[in-house]
Amino acid sequence: MTYVNAVFQGIILGGFYALLACGLSLIFGVMRIINLAHGSLAVLGAFITWWIVDKTSLSPFLVLIPSLIVMFGVGWALQRGLLERSLRAGILIPLLTTFGLAIVIDNVLLGVFSPDVRSLGGQAGAVTTTSWKVSQQFSISALGILILAVAVAVLGGLSLFLRRTTLGRAMRATAQDSDTAELVGIDSRGVYARAAGIAVATAALAGVFLAIRAVVEPSAGPTQLIFAFEAVVIGGFGSLWGTLVGGLILGVAQTLGAQINPQYANLAGHLVFLAVIAVRSGGILAAREGTA
Amino acid sequence: MNPLRTTGLSVQRWTKVSRAFTGGAGLLVVVLAFFPMFMSANVVQKLTALFILIMIASMWNALAGYGGLVSVGQQAYIGIGAYGTVWFAHHGVPPYPAMFLAIILAGAISVVFSFLLLRLTGGQFSIATWVVAAAFTVIVSLDKGLGAGTGISLIELNQYGPEHRQDYTYWFALGATAVLLIVLFVLLRSRMGSSLQAIRDDEQAAASVGVRVMAGKRVLYIFAAVGFGAAGAMTLANTLFIQPNSIFSVQWTAFAIFMVLVGGLGTFEGPVLGAILLFLIQDWFADLGVWYLIGLGVVAILFALLLPRGLWGTIEERFGLQLMPVGYRVRGLGRSPGADSGPLEEADATEAAAQT
Amino acid sequence: MSLLSVENLDVRHGLLKAVRDVSFEVGEGEILALVGANGAGKTTLMRAIAGAHRPASGRVVFEGADVTAMPAHRRVRAGLALVPEGRRLFPDMTVEENLIVAGANGRRGGAWKVDTVLEAFPILKPLRFKRAATLSGGEQQACAIGRALMTNPRLLLLDEVSLGLSPIAVEGVYRSLHTLIDGGATIVLVEQDLARARKVAQRIICMLEGRMVLEGPADRLTSREITEAYFGLGRVQPKGAPA
């Protein structure tokens, strides 16, 4: 039963990783950039939310609205200010500039908020304390269900958005051939900026859930980036549903690893990731989907 | 037949300046070797730290600047060099030979990971290197014999007096830096060097004319791992105490990127210049803590966007100066730049290709 | 007033001058054919008119407004659409999606809808929900023209629509084009087949090494005049070249 519990907790954790990873997947799918600041942006979103909650005592779920809007703007500005220029400068430059950005964000957070860990768990209300006991070793937490539901909703929503909306189709067209997209009237710069905005907002959403579920600290960005990336690679690049599957596999691997020794959790995830690269570089679901 | 002959161009490697400078660099190494005799222990320790930075910058540049491989996980080999030294020393190997073995260990481990990581390109390679570094951090943190998360000292070094210890470490670091730079120099001037530059300029085109892309990248990756391993062993010897979270810290990569971008990505001399600059900046501003790191990040971004060839690349381009002749110079062109593959030529070539 | 006027246009690829000092006008309802050998600069000229390539000097004026500095997508919204060489469909989108994405981002207030395009190109009807990458060359070309029409262009630029297509497919594409032409569309087309160019177009411009070397009404230029301009002055036509 403990293993059933571990798998279940892993699935919930995996939902969180999928949520964290979908923005990374989206930016890669549309712009062919790996954004090395993705994890740091997630943490930035969590801190902005924490700061507003701290000042206003509102529920974090309410504060999500302004902070996601702010983070959408951050993503938009990131594309216009940094990524657009980086992309023009060659294939290596976006990696170097986004890495530089990650260092800047991490240290600004460290300078402004001190290295202390923060949590939104206390302010999130009953959802963090409610759980249903199935057996002695197996309980289902309301927060876990919520995170999983939000993850599925966000990934499903993104997938629908890319297939069914005007902007979504424009994004796919731009991802497939930006030059030709311009020739059918699509403002590719605008599309890129909005894709980056959406990606950063979803990262921030994941960051806030991290703070509700556990804690965040200014130095958490790189770890979150690694988890997000592992989920994306395990699931197969460029596929949103693949990202969900990859997140679930990563989550389950980590919770099962933790069964052996709590410190093995992350290591188990890393090993699954390395095994996937070793077997094939395409990932579990290598099929191309809407984003690419 | 030499097509250049008819146009009045000639190809040369050495110029007066580069001959003088390369000779001067050799002389400098000899002079530096005598430093511990008349310099204070503090200066010797600081110079050791500078050598470590030069190793890191040059090795990172070897990967990114010549192999097009942006690694953000080379700290894995810094950590392996340091912890490998501790491990060998704990198993009865004298400290300095232990460092040597640890450096070889770093190279050996990199052979294994090269098969895994070099399957990936671009940003995927980048983060995967980071995952490897993260995995090693966890493994070391779990090993009680290596001090687990709290860190460990190289107590075996206590068999030497503090003065001597510092001097030996200095010589080891100086020697390692010189050897690495010489090997890199020779590597870049070899046939492999030309193919490496071809890979950097255009991987697909290089592959299509039969350049063995993978072999070139693998050599660079292993070579860089050895260099980072040396930097790790030297860091341990210079500071005597290490912790997994700091020796495997991604900050090393931040430093490497700063040094290489500011100095000049893909130039031989640039990273050395970048290392000296970072060394001075660390000396002056490190007390500022996070703001100093923010400054490094911002400067690195600005260089990447506004001066992608870095300080040295720009000097080289402006004045046609190349102190260490790793490429070829074509004499008789209207433009003076170092002519191996300046960005101007590259741009024209790709645009001409696009036209067809 | 002419719909499009190109004034002293110079376009470069790096140091290479692909288009040199080209000037011409296109009137409403006119069909103009650009002919010339490979590398004469036709495609570059078309891309510069569409805004996909920034000219080094000169002006592009569309409906009396200088559009030289305007990005491609805004020219599309103003009514200037290019069917690019090689079709360039969005490979992972269906035929319908290729059409819809253009319709949603193009010029407002025209007659072209998905249904009208499918009427004009009946071969697309059964392919509506297939991925564009799975289509044959002729089907892709029909889709590419249909996609351009979805932007409701006032001027349609067609770059080598017969390139790589079987003769039957070329016939099919031109049959559909005639529906457009009869409806009074304004078209600039690049065509390698001189006979076809003379048949379709009212006026012909011949380019050689980036320059215009011949311009005139299609029915007055002789085949010999065009062929000579095509290969450079007064040279005898080599064997095996297109007549």
# chains A, B, ... in the order shown; residues from 1 in each chain; ligands from 1

$ interface_residues --of "chain A" --to "chain C" --cutoff "7 Å" --atoms "only C-alpha atoms" --output "VMD selection string"
chain A and resid 166 169 to 170 173 176 to 177 180 182 to 187

$ residues_around --residues "region 217-222 of chain C" --least-positions-apart "6" --cutoff "7 Å" --atoms "only C-alpha atoms" --output "number ranges by chain"
C: 198, 201-204

$ interface_residues --of "chain A" --to "chain B" --cutoff "8 Å" --atoms "only C-alpha atoms" --output "VMD selection string"
chain A and resid 33 to 34 36 85 to 86 89 91 to 93 95 to 97 99 to 101 103 to 105 107 to 108 110 to 111 226 229 263 to 264 266 to 267 270 to 271 274 277 to 278 281

$ write_last_selection --atoms "N, CA and C atoms" --output "mmCIF file, in the first residue's frame"
data_model
loop_
_atom_site.group_PDB
_atom_site.id
_atom_site.type_symbol
_atom_site.label_atom_id
_atom_site.label_comp_id
_atom_site.auth_asym_id
_atom_site.auth_seq_id
_atom_site.Cartn_x
_atom_site.Cartn_y
_atom_site.Cartn_z
ATOM 1 N N ILE A 33 13.814 28.005 -28.962
ATOM 2 C CA ILE A 33 14.754 28.465 -27.945
ATOM 3 C C ILE A 33 14.542 27.618 -26.700
ATOM 4 N N ILE A 34 15.633 27.205 -26.062
ATOM 5 C CA ILE A 34 15.505 26.651 -24.720
ATOM 6 C C ILE A 34 15.757 27.805 -23.766
ATOM 7 N N LEU A 36 16.734 29.111 -20.601
ATOM 8 C CA LEU A 36 17.414 28.650 -19.385
ATOM 9 C C LEU A 36 16.974 29.441 -18.152
ATOM 10 N N ARG A 85 16.455 39.834 -29.937
ATOM 11 C CA ARG A 85 17.825 40.197 -30.315
ATOM 12 C C ARG A 85 18.738 38.982 -30.293
ATOM 13 N N SER A 86 18.564 38.131 -29.267
ATOM 14 C CA SER A 86 19.432 36.960 -29.130
ATOM 15 C C SER A 86 19.279 36.048 -30.338
ATOM 16 N N ALA A 89 21.210 36.976 -33.214
ATOM 17 C CA ALA A 89 22.661 36.962 -33.071
ATOM 18 C C ALA A 89 23.268 35.575 -33.275
ATOM 19 N N ILE A 91 22.818 30.927 -32.965
ATOM 20 C CA ILE A 91 22.155 29.867 -32.207
ATOM 21 C C ILE A 91 22.650 29.755 -30.770
ATOM 22 N N LEU A 92 23.887 30.172 -30.498
ATOM 23 C CA LEU A 92 24.403 30.030 -29.133
ATOM 24 C C LEU A 92 23.907 31.144 -28.215
ATOM 25 N N ILE A 93 23.676 32.320 -28.802
ATOM 26 C CA ILE A 93 23.427 33.508 -27.990
ATOM 27 C C ILE A 93 22.186 33.392 -27.094
ATOM 28 N N LEU A 95 21.024 30.919 -25.558
ATOM 29 C CA LEU A 95 21.388 30.119 -24.378
ATOM 30 C C LEU A 95 22.179 30.970 -23.395
ATOM 31 N N LEU A 96 23.118 31.752 -23.937
ATOM 32 C CA LEU A 96 23.974 32.548 -23.056
ATOM 33 C C LEU A 96 23.177 33.661 -22.386
ATOM 34 N N THR A 97 22.290 34.318 -23.160
ATOM 35 C CA THR A 97 21.553 35.425 -22.556
ATOM 36 C C THR A 97 20.509 34.927 -21.564
ATOM 37 N N PHE A 99 20.703 32.227 -19.804
ATOM 38 C CA PHE A 99 21.436 31.795 -18.613
ATOM 39 C C PHE A 99 21.820 33.018 -17.773
ATOM 40 N N GLY A 100 22.312 34.062 -18.463
ATOM 41 C CA GLY A 100 22.649 35.308 -17.758
ATOM 42 C C GLY A 100 21.433 35.855 -17.032
ATOM 43 N N LEU A 101 20.282 35.791 -17.692
ATOM 44 C CA LEU A 101 19.051 36.288 -17.082
ATOM 45 C C LEU A 101 18.710 35.486 -15.824
ATOM 46 N N ILE A 103 20.757 33.995 -13.812
ATOM 47 C CA ILE A 103 21.659 34.432 -12.749
ATOM 48 C C ILE A 103 21.185 35.766 -12.159
ATOM 49 N N VAL A 104 20.768 36.664 -13.053
ATOM 50 C CA VAL A 104 20.310 37.977 -12.590
ATOM 51 C C VAL A 104 19.054 37.837 -11.733
ATOM 52 N N ILE A 105 18.061 37.082 -12.245
ATOM 53 C CA ILE A 105 16.806 36.935 -11.480
ATOM 54 C C ILE A 105 17.077 36.295 -10.112
ATOM 55 N N ASN A 107 19.693 36.247 -8.268
ATOM 56 C CA ASN A 107 20.402 37.092 -7.321
ATOM 57 C C ASN A 107 19.623 38.337 -6.935
ATOM 58 N N VAL A 108 18.783 38.830 -7.868
ATOM 59 C CA VAL A 108 17.903 39.945 -7.486
ATOM 60 C C VAL A 108 16.950 39.459 -6.390
ATOM 61 N N LEU A 110 17.454 37.065 -4.345
ATOM 62 C CA LEU A 110 18.263 36.862 -3.150
ATOM 63 C C LEU A 110 18.517 38.196 -2.454
ATOM 64 N N GLY A 111 18.820 39.213 -3.258
ATOM 65 C CA GLY A 111 19.101 40.535 -2.697
ATOM 66 C C GLY A 111 17.871 41.171 -2.085
ATOM 67 N N ILE A 226 15.577 22.277 -14.204
ATOM 68 C CA ILE A 226 16.006 20.905 -14.490
ATOM 69 C C ILE A 226 14.810 19.957 -14.477
ATOM 70 N N PHE A 229 12.706 20.541 -17.542
ATOM 71 C CA PHE A 229 13.376 20.036 -18.733
ATOM 72 C C PHE A 229 13.316 18.511 -18.783
ATOM 73 N N GLN A 263 16.536 10.888 0.151
ATOM 74 C CA GLN A 263 17.508 11.652 -0.627
ATOM 75 C C GLN A 263 17.671 11.134 -2.051
ATOM 76 N N TYR A 264 17.118 9.959 -2.320
ATOM 77 C CA TYR A 264 17.236 9.411 -3.673
ATOM 78 C C TYR A 264 16.197 9.987 -4.640
ATOM 79 N N ASN A 266 15.449 12.965 -6.106
ATOM 80 C CA ASN A 266 15.894 13.678 -7.297
ATOM 81 C C ASN A 266 16.787 12.814 -8.170
ATOM 82 N N LEU A 267 17.627 12.022 -7.486
ATOM 83 C CA LEU A 267 18.560 11.175 -8.234
ATOM 84 C C LEU A 267 17.797 10.206 -9.130
ATOM 85 N N HIS A 270 16.740 12.004 -12.158
ATOM 86 C CA HIS A 270 17.860 12.233 -13.076
ATOM 87 C C HIS A 270 18.193 10.951 -13.833
ATOM 88 N N LEU A 271 18.160 9.823 -13.120
ATOM 89 C CA LEU A 271 18.535 8.564 -13.767
ATOM 90 C C LEU A 271 17.531 8.171 -14.845
ATOM 91 N N LEU A 274 18.331 10.319 -17.804
ATOM 92 C CA LEU A 274 19.528 9.883 -18.537
ATOM 93 C C LEU A 274 19.253 8.584 -19.288
ATOM 94 N N ILE A 277 17.483 9.436 -22.509
ATOM 95 C CA ILE A 277 18.417 9.913 -23.543
ATOM 96 C C ILE A 277 19.201 8.739 -24.106
ATOM 97 N N ALA A 278 19.604 7.833 -23.213
ATOM 98 C CA ALA A 278 20.423 6.714 -23.658
ATOM 99 C C ALA A 278 19.651 5.830 -24.635
ATOM 100 N N SER A 281 16.771 9.604 -28.249
ATOM 101 C CA SER A 281 16.732 11.028 -27.934
ATOM 102 C C SER A 281 15.374 11.635 -28.230
#

$ select_by_dssp --residues "region 7-237 of chain A" --states "helix (DSSP H, G or I)" --output "ChimeraX atom specification"
/A:7-31,38-56,60-89,93-113,121-128,142-164,166-176,178-183,188-213,218-235

$ residues_around --residues "region 198-214 of chain A" --least-positions-apart "3" --cutoff "6 Å" --atoms "only C-alpha atoms" --output "list in words"
Leu19, Leu20, Gly23, Ala42, Val43, Gly45, Ala46, Leu68, Met71, Phe72, Gly75, Ser119, Leu120, Gly121 and Ala195 of chain A

$ write_last_selection --atoms "N, CA and C atoms" --output "compact mmCIF listing (two decimals), in the first residue's frame"
# COMPACT_ATOMS: atom_id res chain seq x y z
N LEU A 19 2.89 21.08 -15.40
CA LEU A 19 2.49 22.49 -15.38
C LEU A 19 3.73 23.38 -15.50
N LEU A 20 4.76 22.99 -14.77
CA LEU A 20 6.01 23.73 -14.79
C LEU A 20 6.65 23.68 -16.17
N GLY A 23 5.37 25.58 -20.36
CA GLY A 23 5.87 26.84 -20.92
C GLY A 23 7.21 26.67 -21.62
N ALA A 42 9.71 31.04 -12.96
CA ALA A 42 8.68 30.41 -12.13
C ALA A 42 8.82 30.88 -10.68
N VAL A 43 10.06 30.91 -10.21
CA VAL A 43 10.30 31.33 -8.82
C VAL A 43 9.99 32.81 -8.65
N GLY A 45 7.73 34.45 -10.26
CA GLY A 45 6.27 34.53 -10.16
C GLY A 45 5.78 34.20 -8.76
N ALA A 46 6.39 33.18 -8.17
CA ALA A 46 6.01 32.79 -6.81
C ALA A 46 6.31 33.92 -5.83
N LEU A 68 -0.30 36.78 -12.50
CA LEU A 68 -0.16 36.13 -13.81
C LEU A 68 -0.17 37.17 -14.92
N MET A 71 3.24 38.61 -14.95
CA MET A 71 4.21 37.67 -15.51
C MET A 71 4.04 37.49 -17.02
N PHE A 72 2.79 37.63 -17.49
CA PHE A 72 2.59 37.63 -18.94
C PHE A 72 3.36 38.80 -19.54
N GLY A 75 7.03 38.08 -19.64
CA GLY A 75 7.37 37.21 -20.77
C GLY A 75 7.38 37.98 -22.08
N SER A 119 6.59 30.34 2.05
CA SER A 119 5.52 29.44 1.68
C SER A 119 4.20 30.19 1.62
N LEU A 120 3.35 29.77 0.71
CA LEU A 120 2.01 30.33 0.63
C LEU A 120 1.00 29.35 1.21
N GLY A 121 1.50 28.23 1.74
CA GLY A 121 0.62 27.19 2.24
C GLY A 121 -0.34 27.69 3.31
N ALA A 195 3.44 34.35 -27.25
CA ALA A 195 3.80 32.98 -26.84
C ALA A 195 4.70 33.02 -25.61

$ residues_around --residues "Thr43 (chain C)" --least-positions-apart "6" --cutoff "8 Å" --atoms "only C-alpha atoms" --output "ChimeraX atom specification"
/C:85,159,190

$ residues_around --residues "Thr94 (chain C)" --least-positions-apart "3" --cutoff "7 Å" --atoms "only C-alpha atoms" --output "list in words"
Glu97, Asn98, Arg128, Phe129, Lys130, Arg131 and Ala132 of chain C

$ write_last_selection --atoms "C-alpha atoms" --output "short mmCIF file (atom, residue, chain, number, x, y, z; two decimals), in the first residue's frame"
data_model
loop_
_atom_site.label_atom_id
_atom_site.label_comp_id
_atom_site.auth_asym_id
_atom_site.auth_seq_id
_atom_site.Cartn_x
_atom_site.Cartn_y
_atom_site.Cartn_z
CA GLU C 97 -6.21 25.28 -41.34
CA ASN C 98 -3.78 26.65 -43.93
CA ARG C 128 -9.83 19.61 -46.70
CA PHE C 129 -8.86 17.78 -43.50
CA LYS C 130 -5.56 16.28 -44.68
CA ARG C 131 -2.20 17.51 -43.47
CA ALA C 132 -0.62 19.78 -46.05
#
